[in-house]
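Below is data-v7.pdb, holding PDB, C-alpha atoms.
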ATOM      1  CA  MET P  22    -124.427 -15.959  48.454
ATOM      2  CA  THR P  23    -122.199 -12.912  48.520
ATOM      3  CA  HIS P  24    -118.785 -13.089  46.951
ATOM      4  CA  ASN P  25    -115.751 -12.241  49.057
ATOM      5  CA  LEU P  26    -113.664  -9.811  47.013
ATOM      6  CA  LEU P  27    -110.580 -10.510  49.131
ATOM      7  CA  GLY P  28    -110.523 -14.227  48.367
ATOM      8  CA  PRO P  29    -112.607 -17.354  48.296
ATOM      9  CA  ASP P  30    -115.595 -17.702  50.586
ATOM     10  CA  PRO P  31    -115.079 -19.932  53.625
ATOM     11  CA  VAL P  32    -115.942 -23.588  53.134
ATOM     12  CA  LEU P  33    -118.599 -24.753  55.565
ATOM     13  CA  LEU P  34    -118.837 -28.528  55.461
ATOM     14  CA  PRO P  35    -122.150 -30.296  56.090
ATOM     15  CA  GLU P  36    -122.874 -31.841  59.460
ATOM     16  CA  ASP P  37    -121.092 -35.136  60.089
ATOM     17  CA  PRO P  38    -123.477 -37.681  61.653
ATOM     18  CA  VAL P  39    -120.478 -39.250  63.389
ATOM     19  CA  ALA P  40    -120.371 -36.253  65.779
ATOM     20  CA  ALA P  41    -123.723 -37.146  67.339
ATOM     21  CA  ALA P  42    -122.846 -40.837  67.475
ATOM     22  CA  LEU P  43    -119.548 -40.075  69.241
ATOM     23  CA  ALA P  44    -121.375 -37.836  71.710
ATOM     24  CA  ALA P  45    -123.791 -40.710  72.350
ATOM     25  CA  GLY P  46    -120.863 -42.940  73.292
ATOM     26  CA  GLU P  47    -120.260 -44.986  70.158
ATOM     27  CA  SER P  48    -116.643 -45.923  69.537
ATOM     28  CA  ALA P  49    -114.644 -44.162  66.864
ATOM     29  CA  GLU P  50    -113.477 -47.539  65.600
ATOM     30  CA  SER P  51    -116.991 -48.819  64.899
ATOM     31  CA  LEU P  52    -117.978 -45.455  63.438
ATOM     32  CA  ALA P  53    -114.987 -45.424  61.067
ATOM     33  CA  ARG P  54    -116.043 -48.851  59.814
ATOM     34  CA  ARG P  55    -119.601 -47.676  59.150
ATOM     35  CA  ASN P  56    -118.626 -44.169  57.989
ATOM     36  CA  PRO P  57    -115.197 -44.472  56.345
ATOM     37  CA  THR P  58    -115.540 -41.046  54.718
ATOM     38  CA  SER P  59    -115.822 -39.266  58.090
ATOM     39  CA  SER P  60    -112.723 -37.232  58.897
ATOM     40  CA  LEU P  61    -113.976 -36.884  62.451
ATOM     41  CA  ALA P  62    -113.942 -40.639  63.090
ATOM     42  CA  TRP P  63    -110.379 -40.872  61.760
ATOM     43  CA  ALA P  64    -109.309 -37.790  63.733
ATOM     44  CA  VAL P  65    -110.518 -39.340  66.987
ATOM     45  CA  LEU P  66    -108.723 -42.596  66.164
ATOM     46  CA  ALA P  67    -105.531 -40.652  65.372
ATOM     47  CA  GLU P  68    -105.704 -38.581  68.553
ATOM     48  CA  THR P  69    -106.355 -41.690  70.654
ATOM     49  CA  ALA P  70    -103.410 -43.530  69.106
ATOM     50  CA  LEU P  71    -101.096 -40.550  69.556
ATOM     51  CA  ASP P  72    -102.199 -40.106  73.173
ATOM     52  CA  ALA P  73    -101.367 -43.795  73.727
ATOM     53  CA  GLY P  74     -97.874 -43.316  72.249
ATOM     54  CA  ASP P  75     -98.556 -45.136  68.976
ATOM     55  CA  ASP P  76     -97.229 -42.559  66.536
ATOM     56  CA  VAL P  77     -97.308 -44.925  63.536
ATOM     57  CA  ALA P  78    -101.005 -45.773  63.954
ATOM     58  CA  GLY P  79    -101.756 -42.130  64.747
ATOM     59  CA  TYR P  80    -100.027 -41.032  61.567
ATOM     60  CA  ALA P  81    -101.907 -43.585  59.482
ATOM     61  CA  TYR P  82    -105.311 -42.682  60.950
ATOM     62  CA  ALA P  83    -104.575 -38.967  60.558
ATOM     63  CA  ARG P  84    -103.502 -39.437  56.937
ATOM     64  CA  VAL P  85    -106.803 -41.202  56.126
ATOM     65  CA  GLY P  86    -108.829 -38.488  57.869
ATOM     66  CA  TYR P  87    -106.891 -35.779  56.066
ATOM     67  CA  HIS P  88    -107.472 -37.313  52.625
ATOM     68  CA  ARG P  89    -111.150 -38.011  53.309
ATOM     69  CA  GLY P  90    -111.460 -34.391  54.397
ATOM     70  CA  LEU P  91    -109.780 -33.100  51.244
ATOM     71  CA  ASP P  92    -112.286 -35.081  49.187
ATOM     72  CA  LEU P  93    -115.194 -33.574  51.132
ATOM     73  CA  LEU P  94    -113.776 -30.057  50.938
ATOM     74  CA  ARG P  95    -113.443 -30.330  47.164
ATOM     75  CA  ARG P  96    -116.999 -31.638  46.837
ATOM     76  CA  ASN P  97    -118.113 -28.549  48.757
ATOM     77  CA  GLY P  98    -116.404 -25.988  46.543
ATOM     78  CA  TRP P  99    -112.913 -25.715  48.008
ATOM     79  CA  LYS P 100    -110.347 -25.050  45.266
ATOM     80  CA  GLY P 101    -107.179 -25.977  47.151
ATOM     81  CA  ALA P 102    -106.840 -22.819  49.218
ATOM     82  CA  GLY P 103    -108.930 -20.522  51.323
ATOM     83  CA  PRO P 104    -110.730 -20.412  54.626
ATOM     84  CA  VAL P 105    -111.878 -23.556  56.435
ATOM     85  CA  PRO P 106    -113.005 -22.020  59.732
ATOM     86  CA  TYR P 107    -112.549 -24.051  62.907
ATOM     87  CA  ALA P 108    -115.532 -22.230  64.440
ATOM     88  CA  HIS P 109    -117.795 -24.195  62.067
ATOM     89  CA  GLU P 110    -118.121 -27.504  63.944
ATOM     90  CA  PRO P 111    -118.363 -29.797  60.865
ATOM     91  CA  ASN P 112    -114.966 -28.498  59.650
ATOM     92  CA  ARG P 113    -113.261 -29.757  62.791
ATOM     93  CA  GLY P 114    -112.907 -33.400  61.739
ATOM     94  CA  PHE P 115    -110.715 -32.379  58.829
ATOM     95  CA  LEU P 116    -108.765 -29.809  60.833
ATOM     96  CA  ARG P 117    -108.221 -32.229  63.727
ATOM     97  CA  SER P 118    -107.006 -34.907  61.296
ATOM     98  CA  LEU P 119    -104.583 -32.412  59.800
ATOM     99  CA  ALA P 120    -103.388 -31.386  63.266
ATOM    100  CA  ALA P 121    -102.882 -35.039  64.264
ATOM    101  CA  LEU P 122    -100.883 -35.560  61.073
ATOM    102  CA  GLY P 123     -98.640 -32.693  62.105
ATOM    103  CA  GLN P 124     -98.252 -34.069  65.616
ATOM    104  CA  ALA P 125     -97.286 -37.510  64.320
ATOM    105  CA  ALA P 126     -94.869 -35.989  61.799
ATOM    106  CA  SER P 127     -93.302 -34.038  64.644
ATOM    107  CA  GLU P 128     -92.838 -37.236  66.631
ATOM    108  CA  PHE P 129     -91.114 -38.768  63.592
ATOM    109  CA  GLY P 130     -88.854 -35.725  63.302
ATOM    110  CA  GLU P 131     -90.253 -34.932  59.847
ATOM    111  CA  SER P 132     -89.774 -31.167  60.072
ATOM    112  CA  ASP P 133     -90.749 -30.372  56.459
ATOM    113  CA  GLU P 134     -94.137 -32.082  56.928
ATOM    114  CA  VAL P 135     -94.653 -30.303  60.246
ATOM    115  CA  ALA P 136     -94.019 -26.940  58.555
ATOM    116  CA  ARG P 137     -96.447 -27.774  55.714
ATOM    117  CA  VAL P 138     -99.169 -28.855  58.158
ATOM    118  CA  ARG P 139     -98.690 -25.761  60.311
ATOM    119  CA  ALA P 140     -98.903 -23.477  57.256
ATOM    120  CA  PHE P 141    -102.011 -25.315  55.995
ATOM    121  CA  LEU P 142    -103.755 -24.999  59.372
ATOM    122  CA  LEU P 143    -102.968 -21.283  59.621
ATOM    123  CA  ASP P 144    -104.067 -20.691  56.025
ATOM    124  CA  ALA P 145    -107.320 -22.533  56.718
ATOM    125  CA  ASP P 146    -107.984 -20.500  59.857
ATOM    126  CA  PRO P 147    -105.553 -17.937  61.289
ATOM    127  CA  GLN P 148    -107.531 -18.154  64.555
ATOM    128  CA  ILE P 149    -107.154 -21.944  64.878
ATOM    129  CA  PRO P 150    -106.663 -22.992  68.510
ATOM    130  CA  ALA P 151    -102.962 -23.010  69.370
ATOM    131  CA  GLU P 152    -103.167 -26.561  70.755
ATOM    132  CA  LEU P 153    -103.854 -27.821  67.233
ATOM    133  CA  LEU P 154    -100.664 -26.348  65.805
ATOM    134  CA  PRO P 155     -97.678 -28.699  65.599
TER
END
As a first step, turn the structure in this file into structure tokens.
Amino acid sequence: MTHNLLGPDPVLLPEDPVAAALAAGESAESLARRNPTSSLAWAVLAETALDAGDDVAGYAYARVGYHRGLDLLRRNGWKGAGPVPYAHEPNRGFLRSLAALGQAASEFGESDEVARVRAFLLDADPQIPAELLP
């Protein structure tokens, strides 16, 4: 592995088996029960709740996905800052959970949390899709 002299190397999380199960049509709810450490399962639950207008449930699901993702990032060498590229598919569960957290916080009018989430997403990946930014 080469060392990035400008900062930490990007974190590339391992494949999440929930992605294939979701693509095969399994429900996020059943997958979260069987795979409670999957940020992707929690992200899908959060996005679904937010799309249905349930900001409280969306916030709660997003918060779980965010914390599960932080745990996984740390286990994979992340030191609290540095690149978490959206282009790497397995990173998306965490980033989507974080984005959903920002969306829910925005719906609550929690502007400080929205600003923190936005800064975190842009620090993780300056090229993050604009639709994920709160």
### Query
Suppose you want the space between atom CA of P:Pro147 and atom CA of P:Asp75; what is it in Å?
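Distance reported for this atom pair: 29.1 Å.
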### Task
Select, from P:Ala81, P:Ala64, P:Leu33, P:Val138, the residue with the minimum atom-to-atom distance to P:Pro104, counting all atoms listed in the file.
P:Leu33
### Message
For stretch 108-123 of chain P, find every residue with an atom within 7 Å (counting all atoms listed in the file), except residues of its own chain fewer than 4 positions away, and show them as a PyMOL selection string.
### Response
chain P and resi 33-37+60-61+63-64+67-68+80+83-84+86-87+90+127+134-135+138+153-155
Draw an axis-aligned box tight on the listed atoms of stretch 28-38 of chain P, then pad every side by 4 Å and write out centre and edge lengths in Å to one decimal as lines of an AutoDock Vina configuration file.
center_x = -117.0
center_y = -26.0
center_z = 55.0
size_x = 21.0
size_y = 31.5
size_z = 21.4
### Query
With distances taken over only C-alpha atoms, which of P:Gln124, P:Val105, P:Ile149, P:Phe141 is nearest to P:Val32?
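Residue with the minimum atom-to-atom distance to P:Val32: P:Val105.
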### Query
Of the candidates P:Glu128, P:Pro150, P:Tyr107, P:Ala62, which one gets nearest to P:Glu47 if we count all atoms listed in the file?
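Selected residue with least distance to P:Glu47: P:Ala62.
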### Query
Quick one: residues within 12 Å of P:Pro31, only C-alpha atoms counted, chain neighbours fewer than 3 positions away excluded, as an NGL selection string?
:P and (22-25 or 27-28 or 34 or 94 or 97-109 or 112 or 144-146)
#### Entry: Top pick for closest residue to P:Thr58, considering P:Ala136, P:Ala125, P:Val39, P:Ala78 and counting all atoms listed in the file
P:Val39
### Task
Kindly give the distance, in Å, that separates atom CA of P:Gly130 and atom CA of P:Asp76, rounded to a single decimal.
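Computed distance, atom CA of P:Gly130 to atom CA of P:Asp76, equals 11.3 Å.
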#### Entry: Computed interatomic separation between atom CA of P:Leu91 and atom CA of P:Ala73 (Å)
26.3 Å
